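Enquirer: For reference, the structure I am asking about is given below.
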Amino acid sequence: MEWFYTLAGLGVGFLVGLTGVGGGALMTPLLVLGFGVSPSVAVGTDLLYASITKSVGVWVHGRKETVNWKIVGLLAAGSLPAALVTIAILKLFIMDIVRLQGLITSALGMMLILTALALLFKDRLIASVVQGRIALSSMRRWRAIITILIGVALGVLVTLTSVGAGALGAVLLFLLYPRLPTAHIVGTDLAHAVPLTAIAGLGHFYYLGTVDVTVLASLLLGSLPGVWLGAHVGTAIPEKVLRPILGAMLILLGIKLI
């Protein structure tokens, strides 16, 4: 069975390298629906999986100086405490496993749909900001506070579902910081995702016991070369072709989980 997980890691890693969509939106539903892994274990395992795989990307972006560490700090100021509080709340549900699995499954389905919508309508939202149809100028004085609040929301959602730190987080940063270059948005979002998924994943591991180390190792064995391969192939496939396919797939998965 470990080899099936490795092949799944290879496939998801390839798609992540190809499209840039976070592994959580693909890996967690695959573990739940494809392999029959319980939702809580799928989320916990995927969080640590994401923190390890994304750390490589942060290293690359850090060397290219495409990470805005001030924004990362603001996001983390909200997300890391929120992740710890969410773990503590989930601990209260751990004895009622049926209720816990139902909560995680429903939240995961909703997050997949939100991520799909963010993926499909990202360009329109950004264009609206750039063209001034969405007035954010009045929010500039509150931008730091709003960034922290976004971090809080991501902390709760990512800890609960393992989804949202990638595509959804990037779209929110695009809307709040429309003048920040795309490469800096991606690098900043990635740099924030690593400590968030690490803290949330370690919480699942130590306090909830919802991480399968064997599955984690098998996924990493396939995903690391998969990301490398997808990144090299991705330049040959137009994003306009891939994005609608991925968006539709995530919506269908989300509906099935809900």
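Labels used: A, B, ... for chains in the order of the structure tokens, numbers from 1 for residues in each chain, and numbers from 1 for ligands as shown.
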Could you pull out the helix (DSSP H, G or I) residues of range 17-210 of chain A from DSSP and send them as a PyMOL selection string?
Expert: chain A and resi 17-19+23-35+39-63+69-93+97-130+137-161+167-176+182-208
Enquirer: Please provide the set of residues having any atom within 8 Å of Leu114 in chain A, restricted to only C-alpha atoms, with same-chain residues fewer than 4 positions apart removed, written as an MDAnalysis selection string.
Expert: chainID A and resid 110 118 168
Enquirer: Find the residues around range 90-94 of chain A up to 10 Å (only C-alpha atoms counted), leave out those fewer than 3 positions away in its own chain, and share them as a list of chain:residue names.
Expert: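 Once the nearby chain positions are removed, what remains is A:Ser40, A:Leu84, A:Val85, A:Thr86, A:Ile87, A:Ile97, A:Val98, A:Arg99, A:Leu100, A:Gln101, A:Leu103, A:Ile104, A:Thr159, A:Leu160, A:Gly203, A:His204, A:Tyr207, A:Leu208, A:Gly209, A:Thr210.
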Enquirer: Identify, on the basis of only C-alpha atoms, every residue whose closest approach to range 44-46 of chain A does not exceed 8 Å; exclude the query and any residue fewer than 6 positions from it along the same chain; express the result as a PyMOL selection string.
Expert: chain A and resi 23-24+27-28+162+200-201+204-205+210-213+215-216
Enquirer: Only N, CA and C atoms, please: the residues just picked out, written as a tab-separated table (two decimals), in the first residue's frame.
Expert:
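Dumped to again-v7.tsv:
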chain	number	residue	atom	x	y	z
A	23	GLY	N	-0.86	21.62	-2.31
A	23	GLY	CA	-1.08	20.19	-2.22
A	23	GLY	C	-2.27	19.81	-1.37
A	24	GLY	N	-2.62	20.65	-0.38
A	24	GLY	CA	-3.73	20.33	0.51
A	24	GLY	C	-5.04	20.17	-0.24
A	27	MET	N	-4.26	16.71	-2.15
A	27	MET	CA	-3.86	15.52	-1.42
A	27	MET	C	-4.89	15.08	-0.39
A	28	THR	N	-5.42	16.02	0.39
A	28	THR	CA	-6.35	15.63	1.45
A	28	THR	C	-7.59	14.92	0.92
A	162	SER	N	-6.51	21.64	6.34
A	162	SER	CA	-5.23	21.62	5.61
A	162	SER	C	-5.31	22.35	4.27
A	200	ALA	N	0.50	23.64	12.82
A	200	ALA	CA	-0.76	22.90	12.80
A	200	ALA	C	-0.51	21.39	12.71
A	201	GLY	N	0.45	20.99	11.86
A	201	GLY	CA	0.76	19.57	11.70
A	201	GLY	C	1.34	18.96	12.97
A	204	HIS	N	-1.44	18.42	15.38
A	204	HIS	CA	-2.17	17.19	15.06
A	204	HIS	C	-1.38	15.95	15.50
A	205	PHE	N	-0.07	16.02	15.37
A	205	PHE	CA	0.78	14.86	15.69
A	205	PHE	C	0.87	14.63	17.20
A	210	THR	N	-3.17	12.45	15.05
A	210	THR	CA	-3.82	12.26	13.75
A	210	THR	C	-2.83	12.44	12.60
A	211	VAL	N	-1.64	11.88	12.75
A	211	VAL	CA	-0.65	11.88	11.67
A	211	VAL	C	-0.15	10.46	11.49
A	212	ASP	N	-0.20	9.97	10.26
A	212	ASP	CA	0.33	8.65	9.93
A	212	ASP	C	1.72	8.84	9.33
A	213	VAL	N	2.75	8.51	10.11
A	213	VAL	CA	4.13	8.77	9.70
A	213	VAL	C	4.51	7.94	8.48
A	215	VAL	N	2.52	6.88	6.02
A	215	VAL	CA	1.90	7.51	4.85
A	215	VAL	C	2.65	8.79	4.48
A	216	LEU	N	3.03	9.58	5.49
A	216	LEU	CA	3.76	10.82	5.25
A	216	LEU	C	5.06	10.56	4.50
Enquirer: Taking only C-alpha atoms into account, which of A:Val156, A:Ala167, A:Leu176, A:Ala144 comes nearest Ala82 in chain A?
Expert: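 When distances to Ala82 in chain A are compared using only C-alpha atoms, the smallest one comes from A:Val156.
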Enquirer: Using CA of Leu190 in chain A and CA of Gly73 in chain A as the two end points, give the distance in Å to one decimal.
Expert: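 Atom-to-atom, CA of Leu190 in chain A to CA of Gly73 in chain A, that is 12.6 Å.
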Enquirer: Can you tell me how far CA of Thr147 in chain A sits from CA of Gly187 in chain A, in Å to one decimal?
Expert: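 So the two atoms, CA of Thr147 in chain A and CA of Gly187 in chain A, lie 15.9 Å apart.
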